[in-house]
>>> print(open('coords32.tsv').read())   # TSV, C-alpha atoms
chain	number	residue	atom	x	y	z
A	1	MET	CA	3.48	46.71	-10.58
A	2	LYS	CA	1.63	49.69	-9.07
A	3	ALA	CA	-1.27	47.43	-8.05
A	4	ALA	CA	1.12	44.98	-6.33
A	5	VAL	CA	2.72	47.81	-4.35
A	6	CYS	CA	-0.69	49.10	-3.29
A	7	MET	CA	-1.70	45.61	-2.13
A	8	ALA	CA	1.49	45.26	-0.07
A	9	ILE	CA	0.85	48.64	1.59
A	10	PHE	CA	-2.79	47.67	2.20
A	11	LEU	CA	-1.78	44.53	4.08
A	12	MET	CA	0.51	46.51	6.35
A	13	LEU	CA	-2.12	49.11	7.36
A	14	PRO	CA	-2.98	49.37	11.09
A	15	ASN	CA	-5.57	46.98	12.49
A	16	TRP	CA	-8.32	49.62	12.65
A	17	ALA	CA	-8.39	49.69	8.86
A	18	ALA	CA	-9.79	46.14	8.84
A	19	GLY	CA	-12.34	46.29	11.58
A	20	ALA	CA	-12.38	45.33	15.22
A	21	GLY	CA	-11.41	41.65	15.05
A	22	LYS	CA	-8.27	40.02	16.42
A	23	PRO	CA	-5.35	40.30	13.97
A	24	VAL	CA	-4.11	37.13	12.30
A	25	THR	CA	-0.47	36.43	13.12
A	26	GLY	CA	2.22	34.62	11.20
A	27	ALA	CA	1.94	31.83	13.78
A	28	ASP	CA	-1.78	31.46	12.94
A	29	VAL	CA	-0.95	31.29	9.23
A	30	ALA	CA	1.80	28.70	9.81
A	31	LEU	CA	-0.57	26.52	11.86
A	32	ARG	CA	-3.25	26.55	9.18
A	33	VAL	CA	-0.77	25.90	6.36
A	34	THR	CA	0.76	22.99	8.29
A	35	GLU	CA	-2.72	21.47	8.76
A	36	VAL	CA	-3.45	21.68	5.03
A	37	LEU	CA	-0.07	20.22	4.09
A	38	ARG	CA	-0.57	17.36	6.52
A	39	ASP	CA	-3.96	16.60	4.98
A	40	GLN	CA	-2.20	16.39	1.61
A	41	GLY	CA	0.38	13.94	2.97
A	42	ILE	CA	3.13	16.55	2.73
A	43	VAL	CA	5.77	17.34	5.34
A	44	ALA	CA	7.00	20.91	4.90
A	45	LYS	CA	7.64	24.08	6.85
A	46	PRO	CA	5.90	27.35	5.92
A	47	MET	CA	8.32	30.26	5.70
A	48	VAL	CA	6.56	33.02	7.62
A	49	ALA	CA	7.60	35.06	10.66
A	50	ALA	CA	5.49	34.03	13.67
A	51	GLU	CA	5.21	37.61	14.96
A	52	ARG	CA	4.01	39.13	11.68
A	53	ARG	CA	0.49	40.61	11.83
A	54	TYR	CA	-2.23	40.56	9.18
A	55	PHE	CA	-5.82	41.74	9.02
A	56	PRO	CA	-8.41	39.89	11.13
A	57	CYS	CA	-10.21	36.98	9.49
A	58	ASP	CA	-13.71	35.81	10.42
A	59	THR	CA	-13.50	32.68	8.26
A	60	GLU	CA	-11.09	29.78	8.01
A	61	LEU	CA	-7.98	30.66	6.03
A	62	GLN	CA	-7.92	29.05	2.59
A	63	VAL	CA	-4.61	27.55	1.45
A	64	ALA	CA	-3.86	26.52	-2.14
A	65	PRO	CA	-0.74	25.93	-4.25
A	66	ARG	CA	0.04	28.68	-6.73
A	67	VAL	CA	0.84	25.98	-9.29
A	68	GLU	CA	-1.27	22.82	-9.31
A	69	ASN	CA	0.34	19.93	-7.37
A	70	ARG	CA	3.33	22.09	-6.36
A	71	TRP	CA	3.32	23.03	-2.70
A	72	ASP	CA	6.55	25.04	-2.56
A	73	ALA	CA	4.66	28.32	-3.15
A	74	LEU	CA	1.23	28.83	-1.57
A	75	GLU	CA	-1.52	31.43	-1.58
A	76	VAL	CA	-3.27	32.00	1.75
A	77	THR	CA	-6.60	33.78	1.43
A	78	CYS	CA	-9.18	35.32	3.77
A	79	THR	CA	-12.60	36.46	2.52
A	80	LEU	CA	-14.15	38.20	5.56
A	81	PRO	CA	-14.44	40.85	6.89
A	82	VAL	CA	-11.91	42.40	4.48
A	83	PRO	CA	-10.66	40.16	1.64
A	84	TRP	CA	-6.88	39.72	1.63
A	85	SER	CA	-4.30	37.19	0.53
A	86	ILE	CA	-0.61	36.56	0.88
A	87	ILE	CA	1.94	34.44	-0.96
A	88	LEU	CA	4.45	32.39	1.00
A	89	ARG	CA	6.96	29.66	0.31
A	90	THR	CA	7.64	26.37	2.06
A	91	GLU	CA	10.90	24.57	2.63
A	92	GLY	CA	11.65	20.88	2.94
A	93	GLN	CA	8.81	19.84	0.64
A	94	VAL	CA	8.50	16.06	0.79
A	95	TRP	CA	5.85	13.46	0.17
A	96	ASP	CA	4.89	11.33	3.13
A	97	GLY	CA	6.42	7.85	3.12
A	98	LEU	CA	2.89	6.44	2.87
A	99	ASP	CA	2.15	8.41	-0.28
A	100	THR	CA	-0.22	6.56	-2.61
A	101	ALA	CA	-2.06	7.21	-5.82
A	102	GLY	CA	-4.58	9.95	-5.32
A	103	GLN	CA	-2.27	12.05	-3.13
A	104	GLY	CA	-0.44	13.47	-6.10
A	105	ALA	CA	1.65	11.93	-8.85
A	106	VAL	CA	5.23	11.10	-7.98
A	107	SER	CA	7.79	12.93	-10.07
A	108	ALA	CA	10.08	10.96	-12.35
A	109	ASN	CA	12.92	12.63	-10.43
A	110	ALA	CA	11.60	11.51	-7.02
A	111	VAL	CA	14.21	10.24	-4.57
A	112	GLU	CA	14.27	9.01	-0.99
A	113	ALA	CA	15.99	11.06	1.69
A	114	VAL	CA	16.23	11.17	5.46
A	115	ILE	CA	14.54	14.03	7.30
A	116	LEU	CA	14.00	15.04	10.92
A	117	ARG	CA	10.57	14.30	12.37
A	118	GLN	CA	11.00	17.34	14.60
A	119	SER	CA	13.17	20.45	14.55
A	120	ALA	CA	16.55	20.04	16.25
A	121	ARG	CA	19.16	22.49	17.49
A	122	LYS	CA	22.87	22.86	16.84
A	123	GLY	CA	24.86	20.36	18.90
A	124	GLN	CA	21.92	17.99	19.41
A	125	LEU	CA	22.65	14.25	19.25
A	126	ILE	CA	20.64	12.50	16.52
A	127	LEU	CA	18.68	9.43	17.64
A	128	LEU	CA	16.93	6.93	15.41
A	129	ASP	CA	13.41	7.88	16.51
A	130	MET	CA	14.08	11.48	15.39
A	131	LEU	CA	14.51	10.38	11.77
A	132	GLU	CA	12.24	9.35	8.93
A	133	ARG	CA	12.96	8.25	5.37
A	134	VAL	CA	10.58	9.90	2.91
A	135	ARG	CA	10.13	10.51	-0.80
A	136	LEU	CA	10.93	13.92	-2.26
A	137	ASP	CA	9.35	15.02	-5.53
A	138	THR	CA	12.66	16.62	-6.60
A	139	GLU	CA	16.21	15.73	-5.66
A	140	PRO	CA	17.66	18.05	-2.99
A	141	ALA	CA	21.12	19.59	-3.07
A	142	GLN	CA	24.05	17.20	-2.86
A	143	GLY	CA	25.02	15.69	0.45
A	144	TYR	CA	21.66	14.26	1.56
A	145	PHE	CA	21.31	10.81	3.15
A	146	THR	CA	19.16	7.83	2.22
A	147	ASP	CA	20.09	5.61	5.19
A	148	PRO	CA	19.22	6.77	8.75
A	149	ASP	CA	22.02	4.60	10.19
A	150	GLU	CA	24.56	6.97	8.60
A	151	ILE	CA	23.20	9.80	10.75
A	152	VAL	CA	22.38	8.20	14.11
A	153	GLY	CA	24.89	9.11	16.81
A	154	ARG	CA	26.16	12.26	15.08
A	155	ARG	CA	25.61	15.84	16.23
A	156	LEU	CA	24.24	18.79	14.30
A	157	THR	CA	26.43	21.73	13.33
A	158	ALA	CA	23.39	23.99	12.84
A	159	ASN	CA	19.68	24.15	13.60
A	160	VAL	CA	17.65	21.96	11.22
A	161	ALA	CA	13.89	22.30	10.77
A	162	ALA	CA	11.46	19.39	10.77
A	163	GLY	CA	10.81	17.94	7.32
A	164	VAL	CA	14.04	19.24	5.84
A	165	PRO	CA	16.49	16.69	4.36
A	166	ILE	CA	19.61	16.37	6.51
A	167	ARG	CA	22.82	17.00	4.60
A	168	GLU	CA	26.43	16.14	5.35
A	169	ARG	CA	27.25	19.77	6.06
A	170	ASN	CA	24.62	19.78	8.84
A	171	LEU	CA	26.55	17.14	10.79
A	172	ARG	CA	29.80	16.95	12.67
A	173	PRO	CA	32.32	14.53	11.12
A	174	ALA	CA	31.72	10.86	11.88
A	175	TRP	CA	34.77	10.36	14.10
A	176	ALA	CA	35.55	6.77	15.06
A	177	VAL	CA	37.68	8.10	17.93
A	178	GLU	CA	37.44	11.49	19.59
A	179	GLU	CA	40.03	13.56	21.41
A	180	GLY	CA	40.08	12.78	25.13
A	181	GLN	CA	38.19	9.52	24.66
A	182	ARG	CA	39.42	6.25	26.16
A	183	VAL	CA	40.31	3.82	23.37
A	184	ALA	CA	41.78	0.37	22.90
A	185	ILE	CA	45.36	0.25	21.60
A	186	GLU	CA	46.43	-2.75	19.55
A	187	GLN	CA	50.21	-2.68	19.17
A	188	ASP	CA	52.22	-4.95	16.87
A	189	LEU	CA	55.63	-5.68	18.38
A	190	GLY	CA	57.23	-7.65	15.58
A	191	GLY	CA	54.74	-10.48	15.31
A	192	ILE	CA	53.38	-10.18	18.83
A	193	THR	CA	50.20	-8.19	19.34
A	194	VAL	CA	49.80	-6.41	22.66
A	195	ALA	CA	46.54	-4.85	23.80
A	196	ALA	CA	46.49	-1.79	26.02
A	197	SER	CA	44.25	1.07	27.02
A	198	GLY	CA	44.88	4.65	26.04
A	199	ILE	CA	43.52	8.14	25.52
A	200	ALA	CA	43.06	9.51	22.02
A	201	LEU	CA	44.82	12.85	21.58
A	202	GLU	CA	43.08	13.68	18.27
A	203	ASN	CA	39.82	13.13	16.48
A	204	GLY	CA	40.00	10.57	13.71
A	205	ALA	CA	37.88	8.68	11.21
A	206	ILE	CA	38.62	5.07	10.27
A	207	GLY	CA	41.91	5.00	8.36
A	208	ASP	CA	43.25	8.25	9.84
A	209	ILE	CA	46.61	8.34	11.63
A	210	VAL	CA	46.26	9.89	15.09
A	211	SER	CA	48.22	10.30	18.31
A	212	VAL	CA	47.28	8.24	21.36
A	213	ARG	CA	48.66	8.18	24.89
A	214	ASN	CA	49.25	4.77	26.48
A	215	ALA	CA	47.44	4.91	29.83
A	216	SER	CA	50.00	2.64	31.55
A	217	SER	CA	53.32	3.97	30.24
A	218	ASN	CA	52.12	7.52	29.50
A	219	LYS	CA	53.99	7.24	26.19
A	220	VAL	CA	52.54	9.00	23.14
A	221	LEU	CA	52.24	6.75	20.08
A	222	GLN	CA	51.12	7.15	16.48
A	223	GLY	CA	48.61	4.70	15.08
A	224	PHE	CA	45.79	4.42	12.59
A	225	VAL	CA	42.12	4.18	13.51
A	226	SER	CA	41.18	0.62	12.63
A	227	GLU	CA	37.62	0.61	13.97
A	228	LYS	CA	35.35	2.38	16.41
A	229	ASN	CA	37.31	3.25	19.58
A	230	LYS	CA	40.37	1.25	18.47
A	231	ILE	CA	43.79	2.44	17.33
A	232	SER	CA	46.31	0.02	15.79
A	233	VAL	CA	50.00	0.77	16.24
A	234	SER	CA	52.74	-0.96	14.22
A	235	ALA	CA	56.41	-1.18	15.15
A	236	ASN	CA	57.61	0.95	12.22
A	237	MET	CA	55.30	3.84	13.09
A	238	ASN	CA	57.07	4.83	16.31
>>> encode(input="coords32.tsv", output="structure tokens")
Amino acid sequence: MKAAVCMAIFLMLPNWAAGAGKPVTGADVALRVTEVLRDQGIVAKPMVAAERRYFPCDTELQVAPRVENRWDALEVTCTLPVPWSIILRTEGQVWDGLDTAGQGAVSANAVEAVILRQSARKGQLILLDMLERVRLDTEPAQGYFTDPDEIVGRRLTANVAAGVPIRERNLRPAWAVEEGQRVAIEQDLGGITVAASGIALENGAIGDIVSVRNASSNKVLQGFVSEKNKISVSANMN
């Protein structure tokens, strides 16, 4: 324990303690780790603060898994001019969709999930070319997706990093109609169906009962969402 504390203090010493070279930053470490992971056919994000500073390094940083064939915890090592190493974790560990024998055995618990090809911000609209279906060596927490079509057209409720499986909680509800949106109204008047245009007054998924304002009569009606941008109104509902 004492040795570990001493090592931690050693790594945080001022730059002059390591010589005159340029300090290595967390951004430098992340770049090197990402290169190594890519060479292994792995999409993952190293968890390291970009602004963090380490001793200078005159050689290429060495990156290796702490446990063989597991890339969720890595050791990054420098040998010159002053030997040092750090341990960091990764998130969103996945195997590339082109994974083949020789790139690591696939776990018996491997599943497919949809990830982002690039990091995206809260509120961003998800497009098909932003998504990729990949194989994970372990099943992620509940709520992940296996079909990109279930995600396309929805917006994020939080920032999501590249390579991380998208989960239901990361997305706004899949509304079939949205408040303030122009919709088609299909009204049943005792055997006669009348079509009209209206404005949805509430968000609703298919099957939900919502309020809608008829654009011609300005009357507010209750109907159920029957399909995308369509509300069906029956005579006994109003």
>>> residues_near_point(input="coords32.tsv", point="(-10.0, 27.8, -1.0)", cutoff="12 Å", atoms="all atoms listed in the file", output="VMD selection string")
chain A and resid 33 36 59 to 66 74 to 79 85
>>> residues_around(input="coords32.tsv", residues="segment 128-132 of chain A", least_positions_apart="2", cutoff="8 Å", atoms="only C-alpha atoms", output="MDAnalysis selection string")
chainID A and resid 114:118 126 134 148:149 152
>>> closest_residue(input="coords32.tsv", among="A:Ile166, A:Ile199, A:Ile185, A:Cys57", to="Ile151 of chain A", atoms="all atoms listed in the file")
A:Ile166
>>> atom_distance(input="coords32.tsv", atom1="atom CA of Ala205 of chain A", atom2="atom CA of Glu227 of chain A")
8.5 Å
>>> closest_residue(input="coords32.tsv", among="A:Ile206, A:Ala120, A:Ala200, A:Met47", to="Gln222 of chain A", atoms="all atoms listed in the file")
A:Ala200
>>> closest_residue(input="coords32.tsv", among="A:Val82, A:Gly207, A:Glu91, A:Ser216", to="Val48 of chain A", atoms="all atoms listed in the file")
A:Glu91
>>> axis_aligned_box(input="coords32.tsv", around="segment 129-134 of chain A", padding_each_side="6 Å", output="JSON")
{"center_x": 12.5, "center_y": 9.7, "center_z": 9.7, "size_x": 15.9, "size_y": 15.6, "size_z": 25.6}
>>> atom_distance(input="coords32.tsv", atom1="atom CA of Ser119 of chain A", atom2="atom CA of Asp39 of chain A")
20.0 Å
>>> atom_distance(input="coords32.tsv", atom1="atom CA of Glu51 of chain A", atom2="atom CA of Thr25 of chain A")
6.1 Å
>>> residues_around(input="coords32.tsv", residues="Thr193 of chain A", least_positions_apart="6", cutoff="12 Å", atoms="all atoms listed in the file", output="PyMOL selection string")
chain A and resi 185-187+232-235
>>> write_last_selection(input="coords32.tsv", atoms="C-alpha atoms", output="short mmCIF file (atom, residue, chain, number, x, y, z; two decimals), in the frame of the given file")
data_model
loop_
_atom_site.label_atom_id
_atom_site.label_comp_id
_atom_site.auth_asym_id
_atom_site.auth_seq_id
_atom_site.Cartn_x
_atom_site.Cartn_y
_atom_site.Cartn_z
CA ILE A 185 45.36 0.25 21.60
CA GLU A 186 46.43 -2.75 19.55
CA GLN A 187 50.21 -2.68 19.17
CA SER A 232 46.31 0.02 15.79
CA VAL A 233 50.00 0.77 16.24
CA SER A 234 52.74 -0.96 14.22
CA ALA A 235 56.41 -1.18 15.15
#
>>> closest_residue(input="coords32.tsv", among="A:Glu68, A:Asp188, A:Glu112, A:Glu150", to="Leu171 of chain A", atoms="all atoms listed in the file")
A:Glu150
>>> closest_residue(input="coords32.tsv", among="A:Asp137, A:Asp147, A:Asp208, A:Glu35", to="Val177 of chain A", atoms="all atoms listed in the file")
A:Asp208
>>> closest_residue(input="coords32.tsv", among="A:Leu31, A:Ala176, A:Val212, A:Ala113", to="Thr146 of chain A", atoms="only C-alpha atoms")
A:Ala113
